[in-house]
$ cat run23.cif   # mmCIF, C-alpha atoms
data_input
loop_
_atom_site.group_PDB
_atom_site.id
_atom_site.type_symbol
_atom_site.label_atom_id
_atom_site.label_comp_id
_atom_site.auth_asym_id
_atom_site.auth_seq_id
_atom_site.Cartn_x
_atom_site.Cartn_y
_atom_site.Cartn_z
ATOM 1 C CA MET A 918 0.000 0.000 0.000
ATOM 2 C CA ASN A 919 1.401 3.388 -1.016
ATOM 3 C CA ASP A 920 1.222 5.551 2.084
ATOM 4 C CA LYS A 921 0.833 8.707 -0.025
ATOM 5 C CA ASN A 922 -2.514 7.415 -1.296
ATOM 6 C CA ARG A 923 -3.682 6.404 2.152
ATOM 7 C CA LYS A 924 -6.726 8.409 3.234
ATOM 8 C CA LEU A 925 -7.097 10.370 6.448
ATOM 9 C CA LEU A 926 -10.410 8.625 7.155
ATOM 10 C CA ASN A 927 -12.944 6.691 5.116
ATOM 11 C CA ILE A 928 -16.498 5.530 5.764
ATOM 12 C CA ARG A 929 -15.510 1.948 6.626
ATOM 13 C CA ASP A 930 -12.972 3.096 9.210
ATOM 14 C CA THR A 931 -15.421 5.636 10.647
ATOM 15 C CA ILE A 932 -17.907 2.820 11.236
ATOM 16 C CA ILE A 933 -15.184 0.716 12.915
ATOM 17 C CA ILE A 934 -14.246 3.586 15.259
ATOM 18 C CA VAL A 935 -17.908 4.275 16.113
ATOM 19 C CA CYS A 936 -18.382 0.545 16.846
ATOM 20 C CA ILE A 937 -15.340 0.533 19.163
ATOM 21 C CA ILE A 938 -16.727 3.563 21.039
ATOM 22 C CA ALA A 939 -20.170 1.917 21.260
ATOM 23 C CA VAL A 940 -18.696 -1.314 22.657
ATOM 24 C CA ILE A 941 -16.741 0.626 25.302
ATOM 25 C CA LEU A 942 -19.826 2.606 26.310
ATOM 26 C CA MET A 943 -22.109 -0.439 26.454
ATOM 27 C CA CYS A 944 -19.711 -2.767 28.259
ATOM 28 C CA PHE A 945 -18.139 -0.455 30.785
ATOM 29 C CA ILE A 946 -19.428 3.061 31.178
ATOM 30 C CA ILE A 947 -23.254 2.769 31.046
ATOM 31 C CA PRO A 948 -23.402 -0.042 33.668
ATOM 32 C CA ARG A 949 -21.151 2.052 35.908
ATOM 33 C CA LEU A 950 -23.383 5.130 35.544
ATOM 34 C CA THR A 951 -26.579 3.235 36.299
ATOM 35 C CA GLU A 952 -25.077 1.591 39.384
ATOM 36 C CA SER A 953 -26.459 3.268 42.476
ATOM 37 C CA THR A 954 -25.098 1.100 45.298
ATOM 38 C CA LEU A 955 -23.022 2.997 47.805
ATOM 39 C CA GLY A 956 -19.673 1.611 48.839
ATOM 40 C CA GLU A 957 -19.214 0.598 52.460
ATOM 41 C CA TYR A 958 -15.473 0.633 52.873
ATOM 42 C CA ALA A 959 -12.215 1.240 51.031
ATOM 43 C CA LEU A 960 -9.793 -1.642 50.686
ATOM 44 C CA ILE A 961 -6.222 -0.350 50.543
ATOM 45 C CA THR A 962 -3.511 -2.700 49.316
ATOM 46 C CA CYS A 963 0.222 -2.268 48.990
ATOM 47 C CA GLY A 964 2.261 -4.634 46.829
ATOM 48 C CA GLY A 965 -0.753 -6.934 46.452
ATOM 49 C CA LYS A 966 -1.215 -7.308 50.237
ATOM 50 C CA THR A 967 -4.077 -5.783 52.199
ATOM 51 C CA ALA A 968 -2.822 -2.803 54.192
ATOM 52 C CA ALA A 969 -6.108 -1.515 55.620
ATOM 53 C CA LYS A 970 -9.885 -1.447 55.397
ATOM 54 C CA LEU A 971 -11.277 2.049 55.888
ATOM 55 C CA ASP A 972 -14.908 2.685 56.788
ATOM 56 C CA LEU A 973 -16.138 5.466 54.488
ATOM 57 C CA ASP A 974 -18.128 6.995 57.364
ATOM 58 C CA GLY A 975 -14.874 7.788 59.145
ATOM 59 C CA GLU A 976 -14.124 11.291 57.924
ATOM 60 C CA GLY A 977 -10.460 12.281 58.296
ATOM 61 C CA ILE A 978 -6.889 11.903 57.086
ATOM 62 C CA TYR A 979 -5.240 8.489 57.422
ATOM 63 C CA THR A 980 -1.695 7.182 57.235
ATOM 64 C CA PHE A 981 -0.488 3.605 57.522
ATOM 65 C CA PRO A 982 2.898 2.209 58.578
ATOM 66 C CA GLU A 983 2.790 -0.284 55.668
ATOM 67 C CA ILE A 984 2.451 2.536 53.118
ATOM 68 C CA LYS A 985 5.285 4.997 53.411
ATOM 69 C CA GLY A 986 4.976 8.405 51.769
ATOM 70 C CA MET A 987 1.216 8.309 51.215
ATOM 71 C CA SER A 988 -1.838 9.498 53.124
ATOM 72 C CA PHE A 989 -5.542 9.250 52.333
ATOM 73 C CA ILE A 990 -8.504 11.482 53.075
ATOM 74 C CA ILE A 991 -12.190 10.648 53.511
ATOM 75 C CA ASP A 992 -14.473 13.675 53.175
ATOM 76 C CA ASP A 993 -17.944 14.332 54.586
ATOM 77 C CA LYS A 994 -19.576 12.943 51.414
ATOM 78 C CA ARG A 995 -17.974 9.481 51.966
ATOM 79 C CA HIS A 996 -15.461 9.997 49.137
ATOM 80 C CA ILE A 997 -11.887 8.799 49.535
ATOM 81 C CA SER A 998 -8.888 10.198 47.696
ATOM 82 C CA VAL A 999 -5.110 10.341 48.004
ATOM 83 C CA TYR A 1000 -4.158 13.308 50.174
ATOM 84 C CA GLU A 1001 -0.378 13.116 49.830
ATOM 85 C CA SER A 1002 2.003 10.973 47.817
ATOM 86 C CA ASP A 1003 5.750 11.020 47.318
ATOM 87 C CA CYS A 1004 5.531 9.396 43.859
ATOM 88 C CA SER A 1005 7.120 11.167 40.904
ATOM 89 C CA ASP A 1006 4.103 12.191 38.815
ATOM 90 C CA HIS A 1007 1.307 12.482 41.460
ATOM 91 C CA THR A 1008 -1.197 10.819 39.126
ATOM 92 C CA CYS A 1009 -2.867 9.218 42.152
ATOM 93 C CA MET A 1010 -3.407 12.631 43.752
ATOM 94 C CA ARG A 1011 -5.080 13.930 40.585
ATOM 95 C CA THR A 1012 -7.498 11.014 40.401
ATOM 96 C CA PHE A 1013 -11.042 12.054 41.333
ATOM 97 C CA PRO A 1014 -12.310 11.040 44.792
ATOM 98 C CA ILE A 1015 -14.121 7.692 44.680
ATOM 99 C CA SER A 1016 -17.143 6.343 46.561
ATOM 100 C CA SER A 1017 -18.941 3.729 44.397
ATOM 101 C CA PRO A 1018 -18.173 -0.017 44.427
ATOM 102 C CA GLY A 1019 -15.610 -1.018 41.815
ATOM 103 C CA GLU A 1020 -13.990 2.410 41.598
ATOM 104 C CA VAL A 1021 -10.253 2.452 42.228
ATOM 105 C CA ILE A 1022 -7.360 4.809 42.749
ATOM 106 C CA ILE A 1023 -3.960 3.458 41.801
ATOM 107 C CA CYS A 1024 -0.432 4.619 42.525
ATOM 108 C CA VAL A 1025 1.788 2.450 40.343
ATOM 109 C CA PRO A 1026 5.172 3.748 41.622
ATOM 110 C CA ASN A 1027 4.164 3.015 45.250
ATOM 111 C CA LYS A 1028 2.296 -0.191 44.238
ATOM 112 C CA VAL A 1029 -0.781 1.015 46.136
ATOM 113 C CA THR A 1030 -4.434 0.477 45.210
ATOM 114 C CA VAL A 1031 -7.558 1.885 46.847
ATOM 115 C CA GLU A 1032 -10.750 0.041 45.916
ATOM 116 C CA ILE A 1033 -14.319 0.660 47.066
ATOM 117 C CA ILE A 1034 -16.072 -2.476 48.314
ATOM 118 C CA SER A 1035 -19.817 -2.695 48.861
ATOM 119 C CA GLU A 1036 -19.835 -5.379 51.565
ATOM 120 C CA LEU A 1037 -19.131 -4.596 55.192
ATOM 121 C CA PRO A 1038 -15.754 -5.765 56.467
ATOM 122 C CA ASP A 1039 -15.637 -8.661 58.891
ATOM 123 C CA GLU A 1040 -14.381 -6.454 61.678
ATOM 124 C CA ASN A 1041 -16.402 -3.317 62.222
ATOM 125 C CA LYS A 1042 -13.442 -1.348 63.484
ATOM 126 C CA PRO A 1043 -11.117 -0.242 60.692
ATOM 127 C CA ASP A 1044 -7.485 -1.123 61.233
ATOM 128 C CA VAL A 1045 -6.139 2.410 60.872
ATOM 129 C CA ILE A 1046 -4.039 5.029 62.566
ATOM 130 C CA LEU A 1047 -5.812 8.367 62.733
ATOM 131 C CA ARG A 1048 -3.570 11.400 62.399
ATOM 132 C CA MET B 1321 7.598 3.340 -1.597
ATOM 133 C CA SER B 1322 11.263 3.907 -0.972
ATOM 134 C CA LYS B 1323 12.491 3.878 2.592
ATOM 135 C CA LEU B 1324 15.494 5.492 4.200
ATOM 136 C CA LYS B 1325 17.809 2.636 5.125
ATOM 137 C CA PRO B 1326 21.215 2.602 6.745
ATOM 138 C CA ASP B 1327 22.715 0.909 3.674
ATOM 139 C CA SER B 1328 21.138 3.315 1.171
ATOM 140 C CA VAL B 1329 22.389 6.547 2.663
ATOM 141 C CA SER B 1330 25.462 7.563 4.511
ATOM 142 C CA ALA B 1331 25.720 6.473 8.133
ATOM 143 C CA ALA B 1332 26.014 10.116 9.137
ATOM 144 C CA ARG B 1333 22.741 11.034 7.423
ATOM 145 C CA TYR B 1334 20.938 8.092 9.023
ATOM 146 C CA THR B 1335 22.320 9.003 12.453
ATOM 147 C CA ALA B 1336 21.267 12.625 11.992
ATOM 148 C CA VAL B 1337 17.700 11.658 11.013
ATOM 149 C CA MET B 1338 17.390 9.208 13.913
ATOM 150 C CA GLY B 1339 18.811 11.784 16.318
ATOM 151 C CA LEU B 1340 16.329 14.358 15.052
ATOM 152 C CA LEU B 1341 13.381 11.991 15.441
ATOM 153 C CA PHE B 1342 14.499 10.970 18.942
ATOM 154 C CA ALA B 1343 14.861 14.625 19.951
ATOM 155 C CA VAL B 1344 11.350 15.367 18.669
ATOM 156 C CA SER B 1345 10.059 12.278 20.495
ATOM 157 C CA ALA B 1346 11.674 13.379 23.776
ATOM 158 C CA ALA B 1347 10.370 16.930 23.379
ATOM 159 C CA LEU B 1348 6.842 15.698 22.659
ATOM 160 C CA ASN B 1349 7.074 13.421 25.688
ATOM 161 C CA LEU B 1350 7.923 16.378 27.925
ATOM 162 C CA ILE B 1351 5.137 18.507 26.419
ATOM 163 C CA GLU B 1352 2.787 15.582 26.976
ATOM 164 C CA SER B 1353 3.814 15.446 30.651
ATOM 165 C CA ILE B 1354 2.794 19.092 31.060
ATOM 166 C CA PHE B 1355 -0.662 18.423 29.536
ATOM 167 C CA SER B 1356 -1.038 15.223 31.551
ATOM 168 C CA ALA B 1357 -0.672 17.181 34.793
ATOM 169 C CA PHE B 1358 -4.176 18.498 34.131
ATOM 170 C CA LEU B 1359 -5.683 15.126 33.207
ATOM 171 C CA PRO B 1360 -6.917 12.519 35.688
ATOM 172 C CA ALA B 1361 -6.259 8.787 35.890
ATOM 173 C CA GLY B 1362 -2.880 8.821 34.178
ATOM 174 C CA MET B 1363 -4.296 9.928 30.838
ATOM 175 C CA ARG B 1364 -1.665 10.764 28.235
ATOM 176 C CA ILE B 1365 -2.200 12.295 24.823
ATOM 177 C CA GLY B 1366 0.267 9.987 23.037
ATOM 178 C CA LEU B 1367 1.944 12.743 21.033
ATOM 179 C CA ALA B 1368 5.263 10.859 20.921
ATOM 180 C CA ASN B 1369 3.575 8.042 19.003
ATOM 181 C CA ILE B 1370 3.539 10.354 15.972
ATOM 182 C CA VAL B 1371 7.320 10.003 15.740
ATOM 183 C CA ILE B 1372 7.185 6.199 15.942
ATOM 184 C CA MET B 1373 4.542 6.079 13.196
ATOM 185 C CA ALA B 1374 6.564 8.505 11.081
ATOM 186 C CA ALA B 1375 9.616 6.238 11.496
ATOM 187 C CA ILE B 1376 7.579 3.221 10.372
ATOM 188 C CA LEU B 1377 6.442 5.145 7.285
ATOM 189 C CA CYS B 1378 9.653 6.969 6.366
ATOM 190 C CA ILE B 1379 12.513 4.746 7.570
ATOM 191 C CA ASN B 1380 12.087 1.083 8.487
ATOM 192 C CA LEU B 1381 10.773 -1.178 11.250
ATOM 193 C CA PRO B 1382 14.091 -1.769 13.127
ATOM 194 C CA SER B 1383 14.638 1.985 13.296
ATOM 195 C CA ALA B 1384 11.127 2.450 14.693
ATOM 196 C CA VAL B 1385 11.841 -0.187 17.371
ATOM 197 C CA LEU B 1386 15.097 1.583 18.191
ATOM 198 C CA LEU B 1387 13.176 4.843 18.675
ATOM 199 C CA VAL B 1388 10.717 3.065 21.005
ATOM 200 C CA LEU B 1389 13.649 1.768 23.080
ATOM 201 C CA LEU B 1390 15.334 5.185 23.147
ATOM 202 C CA LYS B 1391 12.086 6.891 24.146
ATOM 203 C CA SER B 1392 11.577 4.379 26.974
ATOM 204 C CA ALA B 1393 15.170 4.907 28.145
ATOM 205 C CA PHE B 1394 14.520 8.661 28.192
ATOM 206 C CA VAL B 1395 11.347 8.157 30.268
ATOM 207 C CA PHE B 1396 13.261 5.787 32.590
ATOM 208 C CA LEU B 1397 15.935 8.438 33.176
ATOM 209 C CA THR B 1398 13.501 11.316 33.684
ATOM 210 C CA ARG B 1399 10.533 9.662 35.444
ATOM 211 C CA GLY B 1400 11.827 6.438 36.963
ATOM 212 C CA PHE B 1401 11.669 2.679 36.476
ATOM 213 C CA THR B 1402 7.886 2.210 36.588
ATOM 214 C CA ALA B 1403 7.187 4.940 34.048
ATOM 215 C CA GLY B 1404 10.006 3.591 31.841
ATOM 216 C CA LEU B 1405 8.600 0.066 31.943
ATOM 217 C CA MET B 1406 5.098 1.315 31.117
ATOM 218 C CA SER B 1407 6.461 3.419 28.263
ATOM 219 C CA LEU B 1408 8.357 0.414 26.889
ATOM 220 C CA CYS B 1409 5.377 -1.972 27.032
ATOM 221 C CA GLY B 1410 2.977 0.620 25.629
ATOM 222 C CA GLY B 1411 5.422 1.655 22.921
ATOM 223 C CA LEU B 1412 6.106 -1.909 21.767
ATOM 224 C CA ALA B 1413 2.379 -2.745 21.725
ATOM 225 C CA ALA B 1414 1.603 0.385 19.707
ATOM 226 C CA PHE B 1415 4.517 -0.352 17.353
ATOM 227 C CA ALA B 1416 3.289 -3.920 16.742
ATOM 228 C CA VAL B 1417 -0.240 -2.782 15.882
ATOM 229 C CA THR B 1418 0.642 0.261 13.773
ATOM 230 C CA SER B 1419 3.423 -1.454 11.812
ATOM 231 C CA LEU B 1420 1.135 -4.403 11.025
ATOM 232 C CA LEU B 1421 -1.688 -2.129 9.893
ATOM 233 C CA PHE B 1422 0.562 0.173 7.853
ATOM 234 C CA ARG B 1423 2.268 -2.731 6.084
ATOM 235 C CA ARG B 1424 -0.626 -5.160 5.632
ATOM 236 C CA THR B 1425 -3.788 -3.075 5.229
ATOM 237 C CA ASN B 1426 -5.066 0.050 3.504
ATOM 238 C CA ALA B 1427 -6.651 1.349 6.714
ATOM 239 C CA SER B 1428 -6.850 5.118 7.102
ATOM 240 C CA TYR B 1429 -4.415 7.176 9.167
ATOM 241 C CA ILE B 1430 -6.981 7.881 11.864
ATOM 242 C CA LEU B 1431 -8.022 4.227 12.305
ATOM 243 C CA ILE B 1432 -4.387 3.098 12.518
ATOM 244 C CA SER B 1433 -3.607 5.862 14.954
ATOM 245 C CA VAL B 1434 -6.659 5.077 17.110
ATOM 246 C CA LEU B 1435 -5.845 1.342 17.237
ATOM 247 C CA GLY B 1436 -2.189 2.166 17.977
ATOM 248 C CA ALA B 1437 -3.258 4.446 20.843
ATOM 249 C CA LEU B 1438 -5.553 1.723 22.230
ATOM 250 C CA ALA B 1439 -2.697 -0.809 22.000
ATOM 251 C CA HIS B 1440 -0.408 1.667 23.768
ATOM 252 C CA THR B 1441 -2.915 2.061 26.598
ATOM 253 C CA PHE B 1442 -3.461 -1.672 27.065
ATOM 254 C CA GLY B 1443 0.295 -2.336 26.903
ATOM 255 C CA GLN B 1444 0.714 0.181 29.711
ATOM 256 C CA LEU B 1445 -2.125 -1.380 31.698
ATOM 257 C CA LEU B 1446 -0.525 -4.828 31.388
ATOM 258 C CA ALA B 1447 2.803 -3.419 32.597
ATOM 259 C CA ALA B 1448 1.071 -1.725 35.533
ATOM 260 C CA ARG B 1449 -0.775 -4.965 36.320
ATOM 261 C CA THR B 1450 2.573 -6.782 36.442
ATOM 262 C CA VAL B 1451 4.028 -4.180 38.801
ATOM 263 C CA LEU B 1452 0.971 -4.027 41.080
ATOM 264 C CA GLY B 1453 0.094 -7.723 41.066
ATOM 265 C CA THR B 1454 -3.630 -6.933 40.987
ATOM 266 C CA ASN B 1455 -6.300 -6.661 38.310
ATOM 267 C CA SER B 1456 -7.722 -3.482 39.884
ATOM 268 C CA ILE B 1457 -5.768 -1.440 37.358
ATOM 269 C CA PHE B 1458 -8.193 -2.536 34.635
ATOM 270 C CA ALA B 1459 -10.875 -0.372 36.264
ATOM 271 C CA TYR B 1460 -9.092 2.470 34.482
ATOM 272 C CA ALA B 1461 -9.484 0.752 31.093
ATOM 273 C CA PRO B 1462 -12.787 2.392 30.000
ATOM 274 C CA ILE B 1463 -11.760 5.985 30.650
ATOM 275 C CA LEU B 1464 -8.285 5.387 29.223
ATOM 276 C CA ALA B 1465 -9.767 3.693 26.143
ATOM 277 C CA VAL B 1466 -12.031 6.681 25.469
ATOM 278 C CA SER B 1467 -9.133 9.121 25.914
ATOM 279 C CA SER B 1468 -6.985 6.931 23.645
ATOM 280 C CA ILE B 1469 -9.553 7.173 20.866
ATOM 281 C CA ALA B 1470 -9.631 10.971 21.163
ATOM 282 C CA ALA B 1471 -5.822 11.116 21.235
ATOM 283 C CA GLY B 1472 -5.585 8.679 18.303
ATOM 284 C CA ILE B 1473 -7.833 10.870 16.156
ATOM 285 C CA CYS B 1474 -5.654 13.911 16.917
ATOM 286 C CA THR B 1475 -2.356 12.121 16.232
ATOM 287 C CA GLY B 1476 -3.756 10.598 13.021
ATOM 288 C CA ILE B 1477 -4.651 14.058 11.701
ATOM 289 C CA VAL B 1478 -1.225 15.419 12.673
ATOM 290 C CA LEU B 1479 0.565 12.459 11.055
ATOM 291 C CA LYS B 1480 -1.355 12.884 7.790
ATOM 292 C CA ALA B 1481 -0.414 16.575 7.735
ATOM 293 C CA VAL B 1482 3.214 16.042 8.718
ATOM 294 C CA PHE B 1483 4.089 12.857 6.789
ATOM 295 C CA PRO B 1484 4.607 14.371 3.276
ATOM 296 C CA LYS B 1485 6.696 17.234 4.663
ATOM 297 C CA LEU B 1486 8.730 14.914 6.894
ATOM 298 C CA GLU B 1487 9.369 12.563 3.995
ATOM 299 C CA ARG B 1488 10.584 15.495 1.876
ATOM 300 C CA VAL B 1489 12.970 16.539 4.652
ATOM 301 C CA ILE B 1490 14.334 13.018 5.101
ATOM 302 C CA PHE B 1491 14.807 12.341 1.399
ATOM 303 C CA LYS B 1492 15.908 15.857 0.435
ATOM 304 C CA ASN B 1493 19.156 15.758 -1.542
ATOM 305 C CA LYS B 1494 19.306 12.023 -1.005
ATOM 306 C CA TYR B 1495 21.014 11.461 -4.330
ATOM 307 C CA SER B 1496 23.053 14.661 -4.401
#
$ encode --input "run23.cif" --output "structure tokens"
Amino acid sequence: MNDKNRKLLNIRDTIIIVCIIAVILMCFIIPRLTESTLGEYALITCGGKTAAKLDLDGEGIYTFPEIKGMSFIIDDKRHISVYESDCSDHTCMRTFPISSPGEVIICVPNKVTVEIISELPDENKPDVILR
Amino acid sequence: MSKLKPDSVSAARYTAVMGLLFAVSAALNLIESIFSAFLPAGMRIGLANIVIMAAILCINLPSAVLLVLLKSAFVFLTRGFTAGLMSLCGGLAAFAVTSLLFRRTNASYILISVLGALAHTFGQLLAARTVLGTNSIFAYAPILAVSSIAAGICTGIVLKAVFPKLERVIFKNKYS
């Protein structure tokens, strides 16, 4: 194929791109938008191991000895987000606060994940250190 | 079409062209970092992919792979191991898809660019999954896929506009 004759976009390729967008919307985004269940707690893992389970009703700033250089904040609307991070690009700090089951915040350099879980944890008291 | 190859031009000319493309790639990567500071969830525009696609079109596949490796090394030096690994995996995935589509199909620039951007995103997600050891990272897939499509459309338009001019620059005075 001569690249000089290659088109910027044709009808066939437009249809393919629209189909890809439709599949993404149908499979992932619309189910997420229609989901109304509230998350009960945030599961925080570091290096694949559970570091803490935070009750979303516990408003405040949290740090954990297992996770160095990071702190988390739960606001009055039961949203959790990364408050501070010593990672290089601070992508985790720019991620929007999360509150619905399945939503996650990830810090790849620190190997930390925060995931909202809808079920109540086995122990009612979160294993946290309040600062 | 003719391609710029190390054996068809002087080594100095080839080195100069590769150095120029790498410099553009590094500059675009830095510009991209500035834009990405305002985007959530690790979204990146994928501007540097334009250079890799231009190398596939104007030079040859080994040179494009070399540029991917150099770009990843640059990211490793400036942003650390994790970012370097993600850049490498994303870059190689995007290279595989775009080179296959450019060589084997008559797909349009925008479709190739969109599929390359999607491959780049999923290559990065796989690298991040390896680092983290959890599948939670794939929760980012929908939003990153949508941003990849938008970025792919932009880079496809830019590539179509830039390709003829870039080819003229690379092959200018080739036989003089």
$ closest_atom_pairs --input "run23.cif" --of "chain B" --to "chain A" --cutoff "8 Å" --atoms "all atoms listed in the file" --output "tab-separated table"
residue	atom	partner	partner_atom	distance
B:Met1321	CA	A:Asn919	CA	6.2
B:Ala1357	CA	A:Thr1008	CA	7.7
B:Phe1358	CA	A:Arg1011	CA	8.0
B:Leu1359	CA	A:Arg1011	CA	7.5
B:Pro1360	CA	A:Thr1012	CA	5.0
B:Ala1361	CA	A:Thr1012	CA	5.2
B:Gly1362	CA	A:Thr1008	CA	5.6
B:Leu1377	CA	A:Asp920	CA	7.4
B:Arg1399	CA	A:Ser1005	CA	6.6
B:Gly1400	CA	A:Ser1005	CA	7.7
B:Thr1402	CA	A:Pro1026	CA	5.9
B:Ala1403	CA	A:Pro1026	CA	7.9
B:Phe1422	CA	A:Met918	CA	7.9
B:Arg1423	CA	A:Met918	CA	7.0
B:Arg1424	CA	A:Met918	CA	7.7
B:Thr1425	CA	A:Met918	CA	7.2
B:Asn1426	CA	A:Met918	CA	6.2
B:Ala1427	CA	A:Asp930	CA	7.0
B:Ser1428	CA	A:Leu926	CA	5.0
B:Tyr1429	CA	A:Leu925	CA	5.0
B:Ile1430	CA	A:Leu926	CA	5.9
B:Leu1431	CA	A:Asp930	CA	5.9
B:Val1434	CA	A:Ile934	CA	8.0
B:Ala1448	CA	A:Val1025	CA	6.4
B:Val1451	CA	A:Lys1028	CA	7.0
B:Leu1452	CA	A:Lys1028	CA	5.1
B:Gly1453	CA	A:Gly965	CA	5.5
B:Thr1454	CA	A:Gly965	CA	6.2
B:Ser1456	CA	A:Val1021	CA	6.9
B:Ile1457	CA	A:Ile1023	CA	6.9
B:Ala1459	CA	A:Val1021	CA	6.6
B:Tyr1460	CA	A:Val1021	CA	7.8
B:Pro1462	CA	A:Phe945	CA	6.1
B:Ala1465	CA	A:Ile941	CA	7.7
B:Val1466	CA	A:Ile938	CA	7.2
B:Gly1476	CA	A:Leu925	CA	7.4
B:Ile1477	CA	A:Leu925	CA	6.9
B:Lys1480	CA	A:Leu925	CA	6.4
B:Pro1484	CA	A:Lys921	CA	7.6
$ resolve_selection --input "run23.cif" --expression "the PyMOL selection byres ((chain A and resi 976-986) around 10)" --output "PDB file with C-alpha atoms, keeping the file's coordinate frame"
ATOM      1  CA  ILE A 961      -6.222  -0.350  50.543  1.00  0.00           C
ATOM      2  CA  THR A 962      -3.511  -2.700  49.316  1.00  0.00           C
ATOM      3  CA  CYS A 963       0.222  -2.268  48.990  1.00  0.00           C
ATOM      4  CA  GLY A 964       2.261  -4.634  46.829  1.00  0.00           C
ATOM      5  CA  LYS A 966      -1.215  -7.308  50.237  1.00  0.00           C
ATOM      6  CA  THR A 967      -4.077  -5.783  52.199  1.00  0.00           C
ATOM      7  CA  ALA A 968      -2.822  -2.803  54.192  1.00  0.00           C
ATOM      8  CA  ALA A 969      -6.108  -1.515  55.620  1.00  0.00           C
ATOM      9  CA  LEU A 971     -11.277   2.049  55.888  1.00  0.00           C
ATOM     10  CA  ASP A 972     -14.908   2.685  56.788  1.00  0.00           C
ATOM     11  CA  LEU A 973     -16.138   5.466  54.488  1.00  0.00           C
ATOM     12  CA  ASP A 974     -18.128   6.995  57.364  1.00  0.00           C
ATOM     13  CA  GLY A 975     -14.874   7.788  59.145  1.00  0.00           C
ATOM     14  CA  MET A 987       1.216   8.309  51.215  1.00  0.00           C
ATOM     15  CA  SER A 988      -1.838   9.498  53.124  1.00  0.00           C
ATOM     16  CA  PHE A 989      -5.542   9.250  52.333  1.00  0.00           C
ATOM     17  CA  ILE A 990      -8.504  11.482  53.075  1.00  0.00           C
ATOM     18  CA  ILE A 991     -12.190  10.648  53.511  1.00  0.00           C
ATOM     19  CA  ASP A 992     -14.473  13.675  53.175  1.00  0.00           C
ATOM     20  CA  ASP A 993     -17.944  14.332  54.586  1.00  0.00           C
ATOM     21  CA  LYS A 994     -19.576  12.943  51.414  1.00  0.00           C
ATOM     22  CA  ARG A 995     -17.974   9.481  51.966  1.00  0.00           C
ATOM     23  CA  HIS A 996     -15.461   9.997  49.137  1.00  0.00           C
ATOM     24  CA  ILE A 997     -11.887   8.799  49.535  1.00  0.00           C
ATOM     25  CA  SER A 998      -8.888  10.198  47.696  1.00  0.00           C
ATOM     26  CA  VAL A 999      -5.110  10.341  48.004  1.00  0.00           C
ATOM     27  CA  TYR A1000      -4.158  13.308  50.174  1.00  0.00           C
ATOM     28  CA  GLU A1001      -0.378  13.116  49.830  1.00  0.00           C
ATOM     29  CA  SER A1002       2.003  10.973  47.817  1.00  0.00           C
ATOM     30  CA  ASP A1003       5.750  11.020  47.318  1.00  0.00           C
ATOM     31  CA  CYS A1004       5.531   9.396  43.859  1.00  0.00           C
ATOM     32  CA  ASN A1027       4.164   3.015  45.250  1.00  0.00           C
ATOM     33  CA  LYS A1028       2.296  -0.191  44.238  1.00  0.00           C
ATOM     34  CA  VAL A1029      -0.781   1.015  46.136  1.00  0.00           C
ATOM     35  CA  ASP A1044      -7.485  -1.123  61.233  1.00  0.00           C
ATOM     36  CA  VAL A1045      -6.139   2.410  60.872  1.00  0.00           C
ATOM     37  CA  ILE A1046      -4.039   5.029  62.566  1.00  0.00           C
ATOM     38  CA  LEU A1047      -5.812   8.367  62.733  1.00  0.00           C
ATOM     39  CA  ARG A1048      -3.570  11.400  62.399  1.00  0.00           C
TER      40      ARG A1048
END
$ closest_residue --input "run23.cif" --among "B:Ser1467, B:Ser1330, B:Ser1419, B:Thr1441" --to "B:Pro1382" --atoms "only C-alpha atoms"
B:Ser1419
$ atom_distance --input "run23.cif" --atom1 "atom CA of B:Leu1486" --atom2 "atom CA of A:Ile932"
29.6 Å
$ residues_around --input "run23.cif" --residues "stretch 1342-1353 of chain B" --least-positions-apart "6" --cutoff "10 Å" --atoms "only C-alpha atoms" --output "number ranges by chain"
A: 1006; B: 1336, 1359, 1363-1372, 1386-1388, 1390-1392, 1394-1395, 1398
$ closest_residue --input "run23.cif" --among "B:Ala1375, B:Arg1488, B:Ala1481, B:Leu1438" --to "B:Leu1464" --atoms "all atoms listed in the file"
B:Leu1438
$ build_atoms --input "run23.cif" --residues "stretch 967-973 of chain A" --atoms "N, CA and C atoms" --output "CSV table (one decimal), keeping the file's coordinate frame"
chain,number,residue,atom,x,y,z
A,967,THR,N,-3.1,-6.7,51.6
A,967,THR,CA,-4.1,-5.8,52.2
A,967,THR,C,-3.4,-5.0,53.3
A,968,ALA,N,-3.4,-3.7,53.2
A,968,ALA,CA,-2.8,-2.8,54.2
A,968,ALA,C,-3.9,-2.3,55.2
A,969,ALA,N,-5.1,-2.0,54.7
A,969,ALA,CA,-6.1,-1.5,55.6
A,969,ALA,C,-7.5,-1.6,55.0
A,970,LYS,N,-8.5,-1.6,55.8
A,970,LYS,CA,-9.9,-1.4,55.4
A,970,LYS,C,-10.4,-0.2,56.1
A,971,LEU,N,-10.8,0.8,55.3
A,971,LEU,CA,-11.3,2.0,55.9
A,971,LEU,C,-12.8,2.2,55.7
A,972,ASP,N,-13.5,2.4,56.8
A,972,ASP,CA,-14.9,2.7,56.8
A,972,ASP,C,-15.1,4.1,56.2
A,973,LEU,N,-16.0,4.2,55.2
A,973,LEU,CA,-16.1,5.5,54.5
A,973,LEU,C,-16.9,6.5,55.3
